[in-house]
Each structure stands twice: as structure tokens, then as C-alpha cells.
>>> print(open('entry22.cif').read())   # mmCIF, N, CA and C atoms and all ligand atoms
data_target
loop_
_atom_site.label_atom_id
_atom_site.label_comp_id
_atom_site.auth_asym_id
_atom_site.auth_seq_id
_atom_site.Cartn_x
_atom_site.Cartn_y
_atom_site.Cartn_z
N MET Q 1 5.83 -38.07 100.61
CA MET Q 1 6.09 -38.10 99.16
C MET Q 1 4.87 -37.57 98.44
N GLY Q 2 5.05 -36.51 97.70
CA GLY Q 2 3.93 -35.91 97.00
C GLY Q 2 3.71 -36.52 95.63
N THR Q 3 2.79 -35.93 94.93
CA THR Q 3 2.52 -36.36 93.56
C THR Q 3 3.73 -36.04 92.69
N THR Q 4 4.05 -36.92 91.77
CA THR Q 4 5.19 -36.71 90.89
C THR Q 4 4.72 -36.49 89.46
N TYR Q 5 5.58 -35.85 88.70
CA TYR Q 5 5.23 -35.47 87.33
C TYR Q 5 6.38 -35.79 86.39
N THR Q 6 6.03 -36.08 85.16
CA THR Q 6 7.03 -36.32 84.13
C THR Q 6 7.05 -35.15 83.16
N VAL Q 7 8.11 -35.08 82.37
CA VAL Q 7 8.21 -34.06 81.33
C VAL Q 7 7.01 -34.18 80.39
N GLY Q 8 6.37 -33.06 80.12
CA GLY Q 8 5.20 -33.05 79.25
C GLY Q 8 3.89 -33.02 80.02
N ASP Q 9 3.95 -33.35 81.31
CA ASP Q 9 2.75 -33.19 82.13
C ASP Q 9 2.44 -31.71 82.29
N ARG Q 10 1.16 -31.39 82.34
CA ARG Q 10 0.77 -30.01 82.59
C ARG Q 10 1.02 -29.65 84.05
N VAL Q 11 1.60 -28.46 84.27
CA VAL Q 11 1.79 -27.96 85.63
C VAL Q 11 0.41 -27.72 86.25
N PRO Q 12 0.08 -28.43 87.33
CA PRO Q 12 -1.29 -28.39 87.84
C PRO Q 12 -1.63 -27.12 88.61
N ALA Q 13 -0.65 -26.47 89.19
CA ALA Q 13 -0.92 -25.31 90.03
C ALA Q 13 0.37 -24.52 90.22
N ALA Q 14 0.19 -23.24 90.56
CA ALA Q 14 1.35 -22.41 90.86
C ALA Q 14 2.10 -22.99 92.05
N GLY Q 15 3.41 -22.80 92.08
CA GLY Q 15 4.18 -23.27 93.21
C GLY Q 15 5.56 -23.71 92.78
N ARG Q 16 6.26 -24.37 93.72
CA ARG Q 16 7.62 -24.81 93.45
C ARG Q 16 7.63 -26.33 93.32
N TYR Q 17 8.50 -26.78 92.43
CA TYR Q 17 8.62 -28.22 92.18
C TYR Q 17 10.10 -28.59 92.20
N ARG Q 18 10.39 -29.78 92.75
CA ARG Q 18 11.77 -30.19 92.98
C ARG Q 18 12.14 -31.36 92.08
N CYS Q 19 13.35 -31.27 91.53
CA CYS Q 19 13.88 -32.36 90.70
C CYS Q 19 14.24 -33.54 91.59
N ALA Q 20 13.74 -34.73 91.21
CA ALA Q 20 14.00 -35.93 92.01
C ALA Q 20 15.46 -36.35 91.94
N ASN Q 21 16.17 -35.92 90.91
CA ASN Q 21 17.56 -36.34 90.76
C ASN Q 21 18.54 -35.43 91.50
N CYS Q 22 18.43 -34.12 91.31
CA CYS Q 22 19.45 -33.22 91.85
C CYS Q 22 18.91 -32.25 92.89
N GLY Q 23 17.60 -32.20 93.08
CA GLY Q 23 17.04 -31.31 94.10
C GLY Q 23 16.84 -29.88 93.64
N ASN Q 24 17.18 -29.59 92.39
CA ASN Q 24 16.94 -28.25 91.85
C ASN Q 24 15.45 -27.93 91.90
N GLU Q 25 15.12 -26.70 92.26
CA GLU Q 25 13.72 -26.30 92.32
C GLU Q 25 13.39 -25.30 91.21
N VAL Q 26 12.21 -25.46 90.64
CA VAL Q 26 11.70 -24.50 89.67
C VAL Q 26 10.36 -24.00 90.17
N GLY Q 27 10.04 -22.76 89.83
CA GLY Q 27 8.80 -22.17 90.27
C GLY Q 27 7.91 -21.80 89.10
N PHE Q 28 6.61 -21.92 89.31
CA PHE Q 28 5.64 -21.53 88.30
C PHE Q 28 4.61 -20.60 88.94
N SER Q 29 4.23 -19.59 88.17
CA SER Q 29 3.24 -18.63 88.65
C SER Q 29 1.83 -19.10 88.31
N GLU Q 30 0.85 -18.40 88.86
CA GLU Q 30 -0.54 -18.72 88.52
C GLU Q 30 -0.78 -18.51 87.02
N ASP Q 31 -0.12 -17.49 86.45
CA ASP Q 31 -0.28 -17.26 85.01
C ASP Q 31 0.26 -18.45 84.22
N ASP Q 32 1.40 -18.98 84.67
CA ASP Q 32 1.95 -20.17 83.99
C ASP Q 32 0.94 -21.30 84.00
N ALA Q 33 0.38 -21.56 85.19
CA ALA Q 33 -0.57 -22.67 85.33
C ALA Q 33 -1.81 -22.41 84.48
N ASP Q 34 -2.28 -21.16 84.47
CA ASP Q 34 -3.47 -20.83 83.70
C ASP Q 34 -3.23 -21.02 82.20
N GLU Q 35 -1.98 -20.79 81.77
CA GLU Q 35 -1.67 -20.92 80.35
C GLU Q 35 -1.44 -22.37 79.95
N GLY Q 36 -1.44 -23.27 80.91
CA GLY Q 36 -1.25 -24.68 80.59
C GLY Q 36 0.19 -25.05 80.32
N ILE Q 37 1.12 -24.36 80.97
CA ILE Q 37 2.54 -24.66 80.78
C ILE Q 37 2.83 -26.10 81.22
N MET Q 38 3.78 -26.72 80.56
CA MET Q 38 4.12 -28.11 80.86
C MET Q 38 5.52 -28.21 81.47
N PHE Q 39 5.71 -29.26 82.24
CA PHE Q 39 7.04 -29.51 82.81
C PHE Q 39 8.02 -29.84 81.68
N SER Q 40 9.23 -29.31 81.81
CA SER Q 40 10.29 -29.64 80.87
C SER Q 40 11.42 -30.32 81.65
N SER Q 41 12.47 -30.68 80.96
CA SER Q 41 13.58 -31.35 81.64
C SER Q 41 14.25 -30.39 82.62
N CYS Q 42 14.96 -30.97 83.59
CA CYS Q 42 15.61 -30.17 84.62
C CYS Q 42 16.71 -29.31 83.99
N PRO Q 43 16.69 -27.98 84.22
CA PRO Q 43 17.72 -27.11 83.64
C PRO Q 43 19.08 -27.31 84.29
N SER Q 44 19.13 -27.95 85.43
CA SER Q 44 20.39 -28.14 86.15
C SER Q 44 21.09 -29.44 85.76
N CYS Q 45 20.35 -30.56 85.80
CA CYS Q 45 20.99 -31.87 85.57
C CYS Q 45 20.47 -32.58 84.32
N ARG Q 46 19.53 -31.97 83.63
CA ARG Q 46 18.96 -32.51 82.41
C ARG Q 46 18.11 -33.75 82.64
N ALA Q 47 17.71 -34.00 83.88
CA ALA Q 47 16.78 -35.10 84.13
C ALA Q 47 15.52 -34.91 83.30
N GLY Q 48 15.05 -35.99 82.72
CA GLY Q 48 13.84 -35.92 81.91
C GLY Q 48 14.12 -35.74 80.43
N SER Q 49 15.39 -35.62 80.06
CA SER Q 49 15.75 -35.50 78.65
C SER Q 49 16.44 -36.79 78.21
N ASP Q 50 16.47 -37.01 76.90
CA ASP Q 50 17.18 -38.17 76.37
C ASP Q 50 18.64 -38.09 76.79
N GLY Q 51 19.15 -39.16 77.39
CA GLY Q 51 20.54 -39.18 77.83
C GLY Q 51 20.76 -38.56 79.19
N GLY Q 52 19.71 -38.04 79.81
CA GLY Q 52 19.85 -37.46 81.14
C GLY Q 52 19.85 -38.54 82.21
N PRO Q 53 20.07 -38.13 83.46
CA PRO Q 53 20.11 -39.09 84.57
C PRO Q 53 18.75 -39.76 84.82
N LEU Q 54 17.69 -39.07 84.46
CA LEU Q 54 16.36 -39.66 84.41
C LEU Q 54 15.83 -39.42 83.00
N GLY Q 55 15.11 -40.37 82.47
CA GLY Q 55 14.65 -40.26 81.09
C GLY Q 55 13.32 -39.56 80.96
N PRO Q 56 12.88 -39.38 79.71
CA PRO Q 56 11.63 -38.65 79.45
C PRO Q 56 10.39 -39.30 80.05
N ASP Q 57 10.44 -40.60 80.32
CA ASP Q 57 9.28 -41.29 80.87
C ASP Q 57 9.35 -41.46 82.39
N ASP Q 58 10.42 -40.96 82.99
CA ASP Q 58 10.58 -41.10 84.45
C ASP Q 58 9.94 -39.93 85.19
N ASP Q 59 9.58 -40.18 86.44
CA ASP Q 59 9.07 -39.10 87.29
C ASP Q 59 10.24 -38.20 87.67
N VAL Q 60 10.16 -36.94 87.26
CA VAL Q 60 11.26 -36.01 87.50
C VAL Q 60 10.89 -34.98 88.57
N TRP Q 61 9.68 -34.50 88.54
CA TRP Q 61 9.29 -33.37 89.40
C TRP Q 61 8.29 -33.78 90.47
N GLU Q 62 8.50 -33.23 91.66
CA GLU Q 62 7.49 -33.40 92.71
C GLU Q 62 7.28 -32.06 93.38
N SER Q 63 6.09 -31.89 93.93
CA SER Q 63 5.76 -30.63 94.58
C SER Q 63 6.72 -30.37 95.74
N ALA Q 64 7.21 -29.13 95.82
CA ALA Q 64 8.14 -28.76 96.89
C ALA Q 64 7.50 -27.81 97.88
N ASP Q 65 6.24 -27.53 97.74
CA ASP Q 65 5.55 -26.61 98.66
C ASP Q 65 5.00 -27.38 99.86
ZN ZN O 1 17.84 -32.01 88.25
#
>>> encode(input="entry22.cif", output="C-alpha cells")
Amino acid sequence: MGTTYTVGDRVPAAGRYRCANCGNEVGFSEDDADEGIMFSSCPSCRAGSDGGPLGPDDDVWESAD
């Protein structure tokens, strides 16, 4: 089990991250990480959003690399 992240956390490094609810993976580039991009809710199941299967304060993303 890797480090987990919630919506609004800064993406720490380039790579792929997996949704804890549905397994959907999202990828971020080194440019994304350098720009300080933050995790958002899951585009597949809406985990991490209000009314989603996981809420804004829940751990939604974990490293998939
Ligand atoms: Zn999901």
C-alpha cells in the first residue's frame, strides 16, 4: 500500500495514480508536477467530489507505479 492522496493535495511527482474506489488511473507528467498541479476528483466515478463514492476529505489516489 503506497502513499495516498486526497483532492487538493499537490501531485508530488510524475507518474500514474490509481483511484481507490474504481481503479481508474490518471497520469501526470514532470511538467505537471513542476507546475504544482493538484489532484482533482476521479473523472470516472467522481470519487473525491461532494456526493461521490468517496468524499473530498477521503483518500482517493494512490501511486500506481
Ligand atoms: Zn474512481
>>> atom_distance(input="entry22.cif", atom1="CA of Trp61 in chain Q", atom2="CA of Ser44 in chain Q")
12.7 Å
>>> atom_distance(input="entry22.cif", atom1="CA of Ala14 in chain Q", atom2="CA of Asp31 in chain Q")
8.0 Å
>>> residues_near_ligand(input="entry22.cif", ligand="ligand ZN 1 (chain O)", cutoff="12 Å", atoms="only C-alpha atoms and all ligand atoms", output="PyMOL selection string")
chain Q and resi 17-26+40-49+52-55+59-62
>>> select_by_dssp(input="entry22.cif", residues="chain Q", states="strand (DSSP E)", output="PyMOL selection string")
chain Q and resi 4-5+15-19+25-28+61-63
>>> residues_around(input="entry22.cif", residues="Ala33 in chain Q", least_positions_apart="2", cutoff="6.5 Å", atoms="all atoms listed in the file", output="PyMOL selection string")
chain Q and resi 11-14+28-31+35-37
>>> atom_distance(input="entry22.cif", atom1="atom C of Met38 in chain Q", atom2="atom C of Asp50 in chain Q")
17.1 Å
>>> decode(input="entry22.cif", residues="range 46-60 of chain Q", atoms="N, CA and C atoms", output="PDB file, in the first residue's frame")
ATOM      1  N   ARG Q  46     -16.169   9.959  -9.929  1.00  0.00           N
ATOM      2  CA  ARG Q  46     -16.397  11.173  -9.158  1.00  0.00           C
ATOM      3  C   ARG Q  46     -15.969  11.040  -7.701  1.00  0.00           C
ATOM      4  N   ALA Q  47     -15.172  10.034  -7.385  1.00  0.00           N
ATOM      5  CA  ALA Q  47     -14.626   9.945  -6.030  1.00  0.00           C
ATOM      6  C   ALA Q  47     -13.864  11.220  -5.693  1.00  0.00           C
ATOM      7  N   GLY Q  48     -14.060  11.710  -4.495  1.00  0.00           N
ATOM      8  CA  GLY Q  48     -13.381  12.923  -4.068  1.00  0.00           C
ATOM      9  C   GLY Q  48     -14.203  14.173  -4.269  1.00  0.00           C
ATOM     10  N   SER Q  49     -15.395  14.035  -4.837  1.00  0.00           N
ATOM     11  CA  SER Q  49     -16.276  15.186  -5.015  1.00  0.00           C
ATOM     12  C   SER Q  49     -17.454  15.062  -4.048  1.00  0.00           C
ATOM     13  N   ASP Q  50     -18.117  16.174  -3.796  1.00  0.00           N
ATOM     14  CA  ASP Q  50     -19.319  16.140  -2.961  1.00  0.00           C
ATOM     15  C   ASP Q  50     -20.338  15.206  -3.599  1.00  0.00           C
ATOM     16  N   GLY Q  51     -20.848  14.259  -2.824  1.00  0.00           N
ATOM     17  CA  GLY Q  51     -21.831  13.319  -3.344  1.00  0.00           C
ATOM     18  C   GLY Q  51     -21.229  12.134  -4.063  1.00  0.00           C
ATOM     19  N   GLY Q  52     -19.907  12.092  -4.184  1.00  0.00           N
ATOM     20  CA  GLY Q  52     -19.256  10.958  -4.837  1.00  0.00           C
ATOM     21  C   GLY Q  52     -19.133   9.783  -3.891  1.00  0.00           C
ATOM     22  N   PRO Q  53     -18.644   8.655  -4.411  1.00  0.00           N
ATOM     23  CA  PRO Q  53     -18.494   7.442  -3.586  1.00  0.00           C
ATOM     24  C   PRO Q  53     -17.453   7.618  -2.477  1.00  0.00           C
ATOM     25  N   LEU Q  54     -16.504   8.494  -2.704  1.00  0.00           N
ATOM     26  CA  LEU Q  54     -15.585   8.931  -1.657  1.00  0.00           C
ATOM     27  C   LEU Q  54     -15.678  10.453  -1.617  1.00  0.00           C
ATOM     28  N   GLY Q  55     -15.601  11.021  -0.438  1.00  0.00           N
ATOM     29  CA  GLY Q  55     -15.787  12.464  -0.305  1.00  0.00           C
ATOM     30  C   GLY Q  55     -14.499  13.244  -0.457  1.00  0.00           C
ATOM     31  N   PRO Q  56     -14.614  14.577  -0.400  1.00  0.00           N
ATOM     32  CA  PRO Q  56     -13.448  15.444  -0.597  1.00  0.00           C
ATOM     33  C   PRO Q  56     -12.346  15.246   0.438  1.00  0.00           C
ATOM     34  N   ASP Q  57     -12.682  14.723   1.607  1.00  0.00           N
ATOM     35  CA  ASP Q  57     -11.674  14.542   2.651  1.00  0.00           C
ATOM     36  C   ASP Q  57     -11.130  13.116   2.707  1.00  0.00           C
ATOM     37  N   ASP Q  58     -11.606  12.260   1.818  1.00  0.00           N
ATOM     38  CA  ASP Q  58     -11.149  10.859   1.819  1.00  0.00           C
ATOM     39  C   ASP Q  58      -9.922  10.678   0.939  1.00  0.00           C
ATOM     40  N   ASP Q  59      -9.149   9.650   1.246  1.00  0.00           N
ATOM     41  CA  ASP Q  59      -8.015   9.303   0.395  1.00  0.00           C
ATOM     42  C   ASP Q  59      -8.544   8.684  -0.894  1.00  0.00           C
ATOM     43  N   VAL Q  60      -8.264   9.340  -2.013  1.00  0.00           N
ATOM     44  CA  VAL Q  60      -8.788   8.882  -3.300  1.00  0.00           C
ATOM     45  C   VAL Q  60      -7.683   8.273  -4.166  1.00  0.00           C
TER      46      VAL Q  60
END
